[in-house]
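Here's my_file_12.pdb, which has PDB, C-alpha atoms:
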ATOM      1  CA  MET I 501     139.676  62.167  34.015
ATOM      2  CA  ALA I 502     136.235  63.630  33.347
ATOM      3  CA  LEU I 503     133.882  63.762  36.301
ATOM      4  CA  ASP I 504     130.871  61.465  36.415
ATOM      5  CA  GLN I 505     127.909  63.232  34.747
ATOM      6  CA  SER I 506     125.474  61.155  36.793
ATOM      7  CA  PHE I 507     126.191  63.487  39.738
ATOM      8  CA  VAL I 508     124.358  66.376  38.008
ATOM      9  CA  GLY I 509     121.172  67.115  39.924
ATOM     10  CA  ARG I 510     122.360  65.425  43.096
ATOM     11  CA  THR I 511     121.251  67.217  46.271
ATOM     12  CA  TYR I 512     123.055  66.754  49.567
ATOM     13  CA  PRO I 513     121.328  66.761  52.983
ATOM     14  CA  PRO I 514     120.816  70.199  54.614
ATOM     15  CA  THR I 515     123.659  71.266  56.900
ATOM     16  CA  ASP I 516     123.241  71.702  60.646
ATOM     17  CA  PRO I 517     122.232  75.320  61.400
ATOM     18  CA  TYR I 518     125.008  77.927  61.472
ATOM     19  CA  GLU I 519     124.266  80.679  63.993
ATOM     20  CA  VAL I 520     125.304  84.071  62.614
ATOM     21  CA  GLY I 521     127.101  85.934  65.403
ATOM     22  CA  ARG I 522     126.893  89.718  65.600
ATOM     23  CA  GLU I 523     130.558  89.884  66.557
ATOM     24  CA  LYS I 524     131.421  87.630  63.599
ATOM     25  CA  ILE I 525     129.685  90.115  61.294
ATOM     26  CA  ARG I 526     131.643  92.945  62.940
ATOM     27  CA  GLU I 527     134.908  91.031  62.485
ATOM     28  CA  PHE I 528     134.109  90.441  58.796
ATOM     29  CA  ALA I 529     133.141  94.088  58.190
ATOM     30  CA  GLU I 530     136.375  95.245  59.861
ATOM     31  CA  ALA I 531     138.392  92.793  57.746
ATOM     32  CA  ILE I 532     137.065  94.361  54.549
ATOM     33  CA  GLY I 533     137.385  97.865  56.031
ATOM     34  CA  ASP I 534     133.663  98.565  55.679
ATOM     35  CA  THR I 535     132.356 100.966  58.311
ATOM     36  CA  ASN I 536     128.678 100.914  57.254
ATOM     37  CA  PRO I 537     126.846 101.106  60.627
ATOM     38  CA  ALA I 538     124.172  98.623  59.449
ATOM     39  CA  TYR I 539     126.779  95.896  60.089
ATOM     40  CA  THR I 540     127.584  96.821  63.674
ATOM     41  CA  ASP I 541     124.851  99.025  65.134
ATOM     42  CA  ALA I 542     121.416  97.444  65.609
ATOM     43  CA  GLU I 543     119.746 100.861  65.844
ATOM     44  CA  ALA I 544     121.282 101.970  62.549
ATOM     45  CA  ALA I 545     120.140  98.707  60.941
ATOM     46  CA  LYS I 546     116.621  99.203  62.350
ATOM     47  CA  ALA I 547     116.524 102.712  60.911
ATOM     48  CA  LEU I 548     116.970 101.043  57.503
ATOM     49  CA  GLY I 549     114.078  98.679  58.179
ATOM     50  CA  HIS I 550     116.020  95.618  59.363
ATOM     51  CA  SER I 551     115.225  93.777  62.591
ATOM     52  CA  ASP I 552     118.899  93.472  63.606
ATOM     53  CA  VAL I 553     122.401  94.117  62.273
ATOM     54  CA  ILE I 554     122.830  92.715  58.759
ATOM     55  CA  ALA I 555     125.857  91.082  57.171
ATOM     56  CA  PRO I 556     127.769  92.385  54.130
ATOM     57  CA  PRO I 557     126.520  90.847  50.855
ATOM     58  CA  THR I 558     129.402  88.352  50.530
ATOM     59  CA  PHE I 559     129.508  87.266  54.201
ATOM     60  CA  VAL I 560     127.337  84.199  53.606
ATOM     61  CA  PHE I 561     129.970  82.653  51.332
ATOM     62  CA  ALA I 562     131.864  81.284  54.328
ATOM     63  CA  ILE I 563     128.747  79.292  55.222
ATOM     64  CA  THR I 564     127.796  78.136  51.728
ATOM     65  CA  PHE I 565     131.367  77.220  50.808
ATOM     66  CA  LYS I 566     131.704  75.105  53.930
ATOM     67  CA  ALA I 567     128.461  73.382  52.925
ATOM     68  CA  ALA I 568     129.795  72.875  49.395
ATOM     69  CA  GLY I 569     132.557  70.844  51.062
ATOM     70  CA  GLN I 570     130.061  67.982  51.088
ATOM     71  CA  VAL I 571     130.261  68.025  47.297
ATOM     72  CA  ILE I 572     133.936  68.880  46.948
ATOM     73  CA  GLU I 573     135.009  66.139  49.345
ATOM     74  CA  ASP I 574     132.531  63.507  48.139
ATOM     75  CA  PRO I 575     134.907  60.605  47.457
ATOM     76  CA  GLN I 576     132.519  59.208  44.852
ATOM     77  CA  LEU I 577     132.723  62.423  42.820
ATOM     78  CA  GLY I 578     136.516  62.387  42.929
ATOM     79  CA  LEU I 579     137.232  66.109  42.437
ATOM     80  CA  ASP I 580     140.951  66.903  42.875
ATOM     81  CA  TYR I 581     140.658  69.857  45.242
ATOM     82  CA  SER I 582     144.369  70.710  45.044
ATOM     83  CA  ARG I 583     143.730  71.855  41.450
ATOM     84  CA  VAL I 584     140.535  73.792  42.158
ATOM     85  CA  VAL I 585     140.176  77.535  41.579
ATOM     86  CA  HIS I 586     137.115  79.696  42.140
ATOM     87  CA  GLY I 587     135.616  80.626  38.757
ATOM     88  CA  ASP I 588     132.391  82.529  39.342
ATOM     89  CA  GLN I 589     130.326  83.486  42.346
ATOM     90  CA  LYS I 590     126.792  84.852  42.525
ATOM     91  CA  PHE I 591     124.301  85.530  45.304
ATOM     92  CA  ALA I 592     120.547  86.025  44.902
ATOM     93  CA  TYR I 593     118.917  87.391  48.035
ATOM     94  CA  THR I 594     115.367  87.198  49.340
ATOM     95  CA  ARG I 595     116.563  89.193  52.363
ATOM     96  CA  PRO I 596     119.946  90.060  53.888
ATOM     97  CA  VAL I 597     121.582  87.750  56.433
ATOM     98  CA  ARG I 598     120.978  89.072  59.965
ATOM     99  CA  GLY I 599     122.700  88.699  63.308
ATOM    100  CA  GLY I 600     121.153  85.794  65.204
ATOM    101  CA  ASP I 601     120.037  83.968  62.063
ATOM    102  CA  ARG I 602     120.336  80.189  62.227
ATOM    103  CA  LEU I 603     121.050  79.213  58.634
ATOM    104  CA  SER I 604     120.998  75.838  56.970
ATOM    105  CA  VAL I 605     122.385  75.161  53.475
ATOM    106  CA  THR I 606     121.183  72.623  50.941
ATOM    107  CA  SER I 607     123.756  72.045  48.187
ATOM    108  CA  THR I 608     122.913  70.733  44.725
ATOM    109  CA  ILE I 609     125.243  69.949  41.830
ATOM    110  CA  GLU I 610     123.789  71.988  38.953
ATOM    111  CA  ALA I 611     126.226  71.164  36.175
ATOM    112  CA  ILE I 612     129.434  69.317  35.407
ATOM    113  CA  LYS I 613     131.443  70.112  32.283
ATOM    114  CA  THR I 614     134.854  69.232  30.940
ATOM    115  CA  MET I 615     136.562  71.853  28.767
ATOM    116  CA  ALA I 616     140.156  71.575  27.535
ATOM    117  CA  GLY I 617     140.850  69.031  30.260
ATOM    118  CA  ASN I 618     139.476  71.302  33.005
ATOM    119  CA  ASP I 619     136.626  69.980  35.124
ATOM    120  CA  ILE I 620     134.017  72.658  35.813
ATOM    121  CA  ILE I 621     131.392  72.144  38.488
ATOM    122  CA  ASP I 622     128.454  74.393  39.366
ATOM    123  CA  ILE I 623     127.087  74.127  42.901
ATOM    124  CA  ARG I 624     123.893  75.828  44.062
ATOM    125  CA  GLY I 625     123.523  76.425  47.790
ATOM    126  CA  GLU I 626     120.017  77.269  49.018
ATOM    127  CA  VAL I 627     120.159  79.024  52.389
ATOM    128  CA  HIS I 628     117.121  78.911  54.670
ATOM    129  CA  ASP I 629     116.532  80.313  58.135
ATOM    130  CA  GLU I 630     115.208  78.436  61.148
ATOM    131  CA  ALA I 631     111.609  79.132  60.110
ATOM    132  CA  GLY I 632     112.327  77.490  56.774
ATOM    133  CA  GLU I 633     112.167  80.795  54.878
ATOM    134  CA  HIS I 634     114.542  81.339  51.970
ATOM    135  CA  VAL I 635     117.298  83.884  52.660
ATOM    136  CA  VAL I 636     119.779  83.628  49.786
ATOM    137  CA  THR I 637     120.936  81.296  47.041
ATOM    138  CA  ALA I 638     124.672  81.069  46.360
ATOM    139  CA  PHE I 639     125.870  79.923  42.926
ATOM    140  CA  THR I 640     129.494  78.752  42.994
ATOM    141  CA  LYS I 641     131.502  77.696  39.947
ATOM    142  CA  LEU I 642     134.687  75.757  40.684
ATOM    143  CA  VAL I 643     137.290  74.865  38.068
ATOM    144  CA  ALA I 644     139.656  71.939  38.607
ATOM    145  CA  ARG I 645     142.533  72.672  36.249
ATOM    146  CA  ALA I 646     143.802  69.869  34.053
ATOM    147  CA  ALA I 647     146.656  67.901  35.622
ATOM    148  CA  LYS I 648     149.991  68.442  33.872
ATOM    149  CA  GLU I 649     151.295  65.433  31.958
ATOM    150  CA  ALA I 650     153.974  63.733  34.051
TER
ATOM    151  CA  MET E1184     114.727  98.234  53.086
ATOM    152  CA  THR E1185     115.438 101.874  52.575
ATOM    153  CA  ALA E1186     117.960 102.763  49.943
ATOM    154  CA  THR E1187     118.688 106.493  49.996
ATOM    155  CA  ILE E1188     118.872 106.738  46.192
ATOM    156  CA  SER E1189     115.552 107.034  44.408
ATOM    157  CA  TYR E1190     114.801 104.871  41.382
ATOM    158  CA  ASP E1191     113.362 107.922  39.660
ATOM    159  CA  ASP E1192     116.620 109.848  40.094
ATOM    160  CA  VAL E1193     118.857 107.421  38.203
ATOM    161  CA  GLU E1194     119.225 106.892  34.490
ATOM    162  CA  VAL E1195     121.009 104.295  32.437
ATOM    163  CA  GLY E1196     124.622 105.475  32.437
ATOM    164  CA  THR E1197     124.481 107.098  35.894
ATOM    165  CA  GLU E1198     127.956 106.635  37.386
ATOM    166  CA  LEU E1199     128.429 105.643  41.010
ATOM    167  CA  PRO E1200     131.267 107.281  42.985
ATOM    168  CA  ALA E1201     134.427 105.280  42.177
ATOM    169  CA  ARG E1202     136.643 103.985  44.980
ATOM    170  CA  THR E1203     140.157 102.637  45.429
ATOM    171  CA  PHE E1204     140.718  99.988  48.088
ATOM    172  CA  PRO E1205     144.236  99.216  49.365
ATOM    173  CA  VAL E1206     145.225  95.603  50.132
ATOM    174  CA  SER E1207     148.284  94.644  52.159
ATOM    175  CA  ARG E1208     149.505  91.316  53.465
ATOM    176  CA  ALA E1209     148.057  92.295  56.845
ATOM    177  CA  THR E1210     144.663  92.856  55.179
ATOM    178  CA  LEU E1211     144.770  89.334  53.778
ATOM    179  CA  VAL E1212     145.710  87.733  57.096
ATOM    180  CA  ARG E1213     142.824  89.567  58.740
ATOM    181  CA  TYR E1214     140.415  88.525  55.969
ATOM    182  CA  ALA E1215     141.581  84.910  56.213
ATOM    183  CA  GLY E1216     140.692  84.909  59.894
ATOM    184  CA  ALA E1217     137.328  86.590  59.409
ATOM    185  CA  SER E1218     136.275  84.394  56.477
ATOM    186  CA  GLY E1219     137.836  81.108  57.546
ATOM    187  CA  ASP E1220     139.695  80.760  54.218
ATOM    188  CA  PHE E1221     143.251  79.890  55.257
ATOM    189  CA  ASN E1222     144.491  78.743  51.840
ATOM    190  CA  PRO E1223     148.269  79.467  51.988
ATOM    191  CA  ILE E1224     148.246  81.092  48.524
ATOM    192  CA  HIS E1225     146.819  84.113  50.377
ATOM    193  CA  TRP E1226     149.592  84.493  52.958
ATOM    194  CA  ASN E1227     152.580  82.245  52.164
ATOM    195  CA  GLU E1228     154.792  83.603  49.374
ATOM    196  CA  LYS E1229     156.877  80.424  49.144
ATOM    197  CA  PHE E1230     153.770  78.268  48.746
ATOM    198  CA  ALA E1231     152.160  80.662  46.231
ATOM    199  CA  LYS E1232     155.261  80.572  44.021
ATOM    200  CA  GLU E1233     155.494  76.779  44.261
ATOM    201  CA  VAL E1234     152.019  76.472  42.748
ATOM    202  CA  GLY E1235     152.930  78.825  39.912
ATOM    203  CA  LEU E1236     151.599  82.184  41.126
ATOM    204  CA  PRO E1237     153.730  85.340  40.806
ATOM    205  CA  ASP E1238     153.314  86.095  44.526
ATOM    206  CA  VAL E1239     150.690  85.961  47.282
ATOM    207  CA  ILE E1240     147.243  86.775  45.840
ATOM    208  CA  ALA E1241     144.138  88.244  47.462
ATOM    209  CA  HIS E1242     141.138  86.005  48.076
ATOM    210  CA  GLY E1243     138.725  86.356  45.151
ATOM    211  CA  MET E1244     135.987  86.719  47.743
ATOM    212  CA  PHE E1245     137.912  89.623  49.324
ATOM    213  CA  THR E1246     137.983  91.442  45.974
ATOM    214  CA  MET E1247     134.281  90.679  45.498
ATOM    215  CA  ALA E1248     133.529  92.054  48.987
ATOM    216  CA  GLU E1249     135.447  95.291  48.314
ATOM    217  CA  ALA E1250     133.888  95.891  44.893
ATOM    218  CA  ILE E1251     130.301  95.815  46.143
ATOM    219  CA  ARG E1252     131.110  98.579  48.667
ATOM    220  CA  VAL E1253     130.806 101.015  45.762
ATOM    221  CA  VAL E1254     127.181  99.902  45.454
ATOM    222  CA  THR E1255     126.296  99.595  49.154
ATOM    223  CA  ASP E1256     127.806 103.009  49.983
ATOM    224  CA  TRP E1257     125.827 104.547  47.104
ATOM    225  CA  ALA E1258     122.534 102.808  47.895
ATOM    226  CA  GLY E1259     122.851 103.572  51.620
ATOM    227  CA  ASP E1260     121.319 100.268  52.685
ATOM    228  CA  PRO E1261     123.468  97.154  52.013
ATOM    229  CA  GLY E1262     120.211  95.187  52.206
ATOM    230  CA  ALA E1263     119.154  96.857  48.940
ATOM    231  CA  VAL E1264     121.458  94.465  47.040
ATOM    232  CA  ALA E1265     119.160  91.754  45.673
ATOM    233  CA  GLU E1266     121.696  90.002  43.444
ATOM    234  CA  TYR E1267     125.463  90.152  43.053
ATOM    235  CA  GLY E1268     127.654  88.032  40.830
ATOM    236  CA  VAL E1269     131.229  88.124  39.500
ATOM    237  CA  ARG E1270     133.696  86.107  37.458
ATOM    238  CA  PHE E1271     137.228  85.889  38.842
ATOM    239  CA  THR E1272     139.333  86.723  35.776
ATOM    240  CA  LYS E1273     142.763  87.680  37.177
ATOM    241  CA  PRO E1274     144.215  87.465  40.668
ATOM    242  CA  VAL E1275     145.069  90.580  42.695
ATOM    243  CA  VAL E1276     148.785  90.128  43.370
ATOM    244  CA  VAL E1277     149.799  91.540  46.761
ATOM    245  CA  PRO E1278     153.536  92.272  47.168
ATOM    246  CA  ASP E1279     155.102  92.286  50.628
ATOM    247  CA  ASP E1280     155.928  95.999  50.771
ATOM    248  CA  GLU E1281     154.615  99.233  52.243
ATOM    249  CA  THR E1282     151.888  99.793  49.659
ATOM    250  CA  GLY E1283     150.676  96.298  48.770
ATOM    251  CA  ALA E1284     148.093  96.408  45.964
ATOM    252  CA  LEU E1285     145.205  98.640  45.001
ATOM    253  CA  ILE E1286     141.760  97.528  43.809
ATOM    254  CA  GLU E1287     140.134 100.279  41.732
ATOM    255  CA  VAL E1288     136.382  99.956  41.389
ATOM    256  CA  SER E1289     134.011 101.927  39.192
ATOM    257  CA  ALA E1290     130.354 101.223  38.480
ATOM    258  CA  LYS E1291     127.427 102.531  36.513
ATOM    259  CA  VAL E1292     123.737 101.890  36.121
ATOM    260  CA  ALA E1293     123.467  99.608  33.085
ATOM    261  CA  ALA E1294     119.704  99.065  33.015
ATOM    262  CA  LYS E1295     116.496  99.978  34.797
ATOM    263  CA  LEU E1296     114.954  96.553  35.268
ATOM    264  CA  ASP E1297     111.521  96.930  36.777
ATOM    265  CA  ASP E1298     109.537 100.117  37.431
ATOM    266  CA  ASP E1299     107.285  98.376  39.976
ATOM    267  CA  ASP E1300     110.088  96.593  41.812
ATOM    268  CA  ARG E1301     112.309  99.705  41.446
ATOM    269  CA  THR E1302     115.327  97.578  40.589
ATOM    270  CA  VAL E1303     118.349  98.575  38.549
ATOM    271  CA  ARG E1304     121.312  96.597  37.248
ATOM    272  CA  VAL E1305     124.684  98.049  38.155
ATOM    273  CA  ASP E1306     127.749  96.901  36.209
ATOM    274  CA  LEU E1307     131.044  97.047  38.096
ATOM    275  CA  THR E1308     134.618  97.238  36.871
ATOM    276  CA  ALA E1309     137.432  96.173  39.205
ATOM    277  CA  MET E1310     141.055  96.761  38.181
ATOM    278  CA  SER E1311     144.381  96.058  39.865
ATOM    279  CA  ALA E1312     147.833  96.837  38.420
ATOM    280  CA  GLY E1313     146.213  97.741  35.104
ATOM    281  CA  GLN E1314     144.354  94.436  34.750
ATOM    282  CA  LYS E1315     140.678  93.669  35.017
ATOM    283  CA  VAL E1316     140.364  91.386  38.044
ATOM    284  CA  LEU E1317     136.602  90.800  37.976
ATOM    285  CA  GLY E1318     134.566  90.070  34.864
ATOM    286  CA  MET E1319     130.776  89.952  34.396
ATOM    287  CA  SER E1320     130.524  91.844  37.647
ATOM    288  CA  ARG E1321     126.906  92.837  38.147
ATOM    289  CA  ALA E1322     124.526  93.710  40.935
ATOM    290  CA  VAL E1323     120.762  94.118  41.036
ATOM    291  CA  VAL E1324     119.808  96.843  43.495
ATOM    292  CA  ARG E1325     116.380  97.789  44.802
ATOM    293  CA  LEU E1326     116.140 101.572  45.081
ATOM    294  CA  ALA E1327     113.745 103.812  46.966
TER
END
When written as structure tokens, how does the structure in this file appear?
Amino acid sequence: MALDQSFVGRTYPPTDPYEVGREKIREFAEAIGDTNPAYTDAEAAKALGHSDVIAPPTFVFAITFKAAGQVIEDPQLGLDYSRVVHGDQKFAYTRPVRGGDRLSVTSTIEAIKTMAGNDIIDIRGEVHDEAGEHVVTAFTKLVARAAKEA
Amino acid sequence: MTATISYDDVEVGTELPARTFPVSRATLVRYAGASGDFNPIHWNEKFAKEVGLPDVIAHGMFTMAEAIRVVTDWAGDPGAVAEYGVRFTKPVVVPDDETGALIEVSAKVAAKLDDDDRTVRVDLTAMSAGQKVLGMSRAVVRLA
């Protein structure tokens, strides 16, 4: 069943702040095998002009995707998450995520389409720091594949 | 932000050093823990096959994270990445053996975007087992 178009443009309340841990960044960098010292060594990050260790470019997805759960699990929207695959992902940065950041995400449904029985939903997550400054916007496209005829 | 590559030194068509990233089941378990994405299609072969996949597959976000390393290693400063987007076209299938899978990433400067902002667009290609696993894979990078 096609998703309700009236949800396009809906914005959900900002999430409670997520505090970015330096050891969490280290764990993530190790998991992707990336030894860039800007992720683990504050002095190396400062030498590049950052005030603290920074996170790899895709790190913030864990935070924005959790926030997108507000949309995905909205019972009124009725998305069947068991059929959902990740279609596209994009990040647009004002500045990199840093250790110690307290980040809040505001999710908005940008578009809803139905193509060949697949429901396609675009979610924009605006990430702000504790001072209210923009850090990054995450654009996430999810595709709920058409249910097979019984 | 201090990228080590100068905007003036690159031209459209400049190739970045290509890289090959290995992925094993252990890599995926570690990534699941670090990212918080515990979807069983990334670690449970029985479950993956039940939902119609050929085998366990890598997280799309893992592949995306590996691919951009070609850009961040080249630029020097990971904070030089201003934009990064991909389309997940094919899954990276990770067999349960000694070698696992390989993600082969190449990239080149596709456009010089803004002489004042010193930004370039880098187009990436990510392949695994002979198939393109990321489509429309592009980054905007601010150079020195």
Inset, instruction - Tell me, as a list in words, which residues lie within 10 Å of E:Gly1216, counting all atoms listed in the file; anything in the same chain fewer than 6 positions away does not count. - result: Glu527, Phe528 and Ala531 of chain I
Inset, instruction - Report as an MDAnalysis selection string the full result of the PyMOL selection byres ((chain E) within 9 of (chain I)) when it is applied to this structure. - result: chainID E and resid 1184:1186 1204 1210:1220 1243:1245 1247:1249 1251:1252 1255:1256 1259:1272 1323
Centre, x/y/z edge lengths, axis-aligned box for stretch 553-561 of chain I with 4 Å per side, as AutoDock Vina command-line options:
--center_x 126.2 --center_y 88.4 --center_z 56.4 --size_x 15.6 --size_y 19.5 --size_z 19.7
Inset, instruction - Skip I:Asp622 itself and residues of its chain fewer than 3 positions away, then list as a ChimeraX atom specification all residues within 7 Å of it, counting only C-alpha atoms. - result: /I:609-612,640-642
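Take atom CA of E:Met1319 and atom CA of I:Thr608: the distance between them is 23.2 Å.
Between atom CA of I:Leu579 and atom CA of I:Ala502 the separation is 9.5 Å.
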Regenerate stretch 1258-1268 of chain E at the level of all heavy atoms and dump it as an mmCIF file, in the frame of the given file.
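The result, stored in rebuild-v9.cif:
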data_model
loop_
_atom_site.group_PDB
_atom_site.id
_atom_site.type_symbol
_atom_site.label_atom_id
_atom_site.label_comp_id
_atom_site.auth_asym_id
_atom_site.auth_seq_id
_atom_site.Cartn_x
_atom_site.Cartn_y
_atom_site.Cartn_z
ATOM 1 N N ALA E 1258 123.949 103.102 47.624
ATOM 2 C CA ALA E 1258 122.534 102.808 47.895
ATOM 3 C C ALA E 1258 122.145 103.196 49.325
ATOM 4 O O ALA E 1258 120.980 103.430 49.611
ATOM 5 C CB ALA E 1258 122.245 101.335 47.655
ATOM 6 N N GLY E 1259 123.126 103.235 50.230
ATOM 7 C CA GLY E 1259 122.851 103.572 51.620
ATOM 8 C C GLY E 1259 122.559 102.343 52.461
ATOM 9 O O GLY E 1259 123.126 102.166 53.524
ATOM 10 N N ASP E 1260 121.684 101.489 51.959
ATOM 11 C CA ASP E 1260 121.319 100.268 52.685
ATOM 12 C C ASP E 1260 121.941 99.055 51.981
ATOM 13 O O ASP E 1260 121.554 98.737 50.856
ATOM 14 C CB ASP E 1260 119.796 100.133 52.704
ATOM 15 C CG ASP E 1260 119.333 98.887 53.430
ATOM 16 O OD1 ASP E 1260 120.196 98.158 53.969
ATOM 17 O OD2 ASP E 1260 118.114 98.645 53.447
ATOM 18 N N PRO E 1261 122.883 98.351 52.642
ATOM 19 C CA PRO E 1261 123.468 97.154 52.013
ATOM 20 C C PRO E 1261 122.410 96.097 51.703
ATOM 21 O O PRO E 1261 122.599 95.267 50.808
ATOM 22 C CB PRO E 1261 124.457 96.638 53.055
ATOM 23 C CG PRO E 1261 124.714 97.794 53.963
ATOM 24 C CD PRO E 1261 123.456 98.618 53.972
ATOM 25 N N GLY E 1262 121.292 96.143 52.437
ATOM 26 C CA GLY E 1262 120.211 95.187 52.206
ATOM 27 C C GLY E 1262 119.461 95.445 50.907
ATOM 28 O O GLY E 1262 118.598 94.653 50.522
ATOM 29 N N ALA E 1263 119.798 96.549 50.225
ATOM 30 C CA ALA E 1263 119.154 96.857 48.940
ATOM 31 C C ALA E 1263 119.723 96.000 47.808
ATOM 32 O O ALA E 1263 119.162 95.954 46.715
ATOM 33 C CB ALA E 1263 119.331 98.339 48.604
ATOM 34 N N VAL E 1264 120.854 95.321 48.067
ATOM 35 C CA VAL E 1264 121.458 94.465 47.040
ATOM 36 C C VAL E 1264 120.659 93.160 46.957
ATOM 37 O O VAL E 1264 120.650 92.371 47.897
ATOM 38 C CB VAL E 1264 122.941 94.167 47.357
ATOM 39 C CG1 VAL E 1264 123.530 93.187 46.346
ATOM 40 C CG2 VAL E 1264 123.752 95.458 47.371
ATOM 41 N N ALA E 1265 119.992 92.948 45.839
ATOM 42 C CA ALA E 1265 119.160 91.754 45.673
ATOM 43 C C ALA E 1265 119.926 90.630 44.992
ATOM 44 O O ALA E 1265 119.659 89.445 45.240
ATOM 45 C CB ALA E 1265 117.918 92.092 44.850
ATOM 46 N N GLU E 1266 120.856 90.995 44.131
ATOM 47 C CA GLU E 1266 121.696 90.002 43.444
ATOM 48 C C GLU E 1266 123.081 90.583 43.265
ATOM 49 O O GLU E 1266 123.230 91.793 43.066
ATOM 50 C CB GLU E 1266 121.141 89.685 42.037
ATOM 51 C CG GLU E 1266 120.100 88.622 41.990
ATOM 52 C CD GLU E 1266 119.738 88.263 40.537
ATOM 53 O OE1 GLU E 1266 120.646 88.204 39.678
ATOM 54 O OE2 GLU E 1266 118.547 88.081 40.299
ATOM 55 N N TYR E 1267 124.087 89.697 43.297
ATOM 56 C CA TYR E 1267 125.463 90.152 43.053
ATOM 57 C C TYR E 1267 126.265 88.960 42.559
ATOM 58 O O TYR E 1267 126.303 87.923 43.225
ATOM 59 C CB TYR E 1267 126.053 90.713 44.349
ATOM 60 C CG TYR E 1267 127.504 91.155 44.264
ATOM 61 C CD1 TYR E 1267 128.030 91.741 43.109
ATOM 62 C CD2 TYR E 1267 128.351 90.989 45.354
ATOM 63 C CE1 TYR E 1267 129.352 92.144 43.052
ATOM 64 C CE2 TYR E 1267 129.669 91.406 45.310
ATOM 65 C CZ TYR E 1267 130.172 91.985 44.153
ATOM 66 O OH TYR E 1267 131.477 92.388 44.098
ATOM 67 N N GLY E 1268 126.852 89.122 41.383
ATOM 68 C CA GLY E 1268 127.654 88.032 40.830
ATOM 69 C C GLY E 1268 128.904 88.549 40.141
ATOM 70 O O GLY E 1268 128.900 89.663 39.599
#
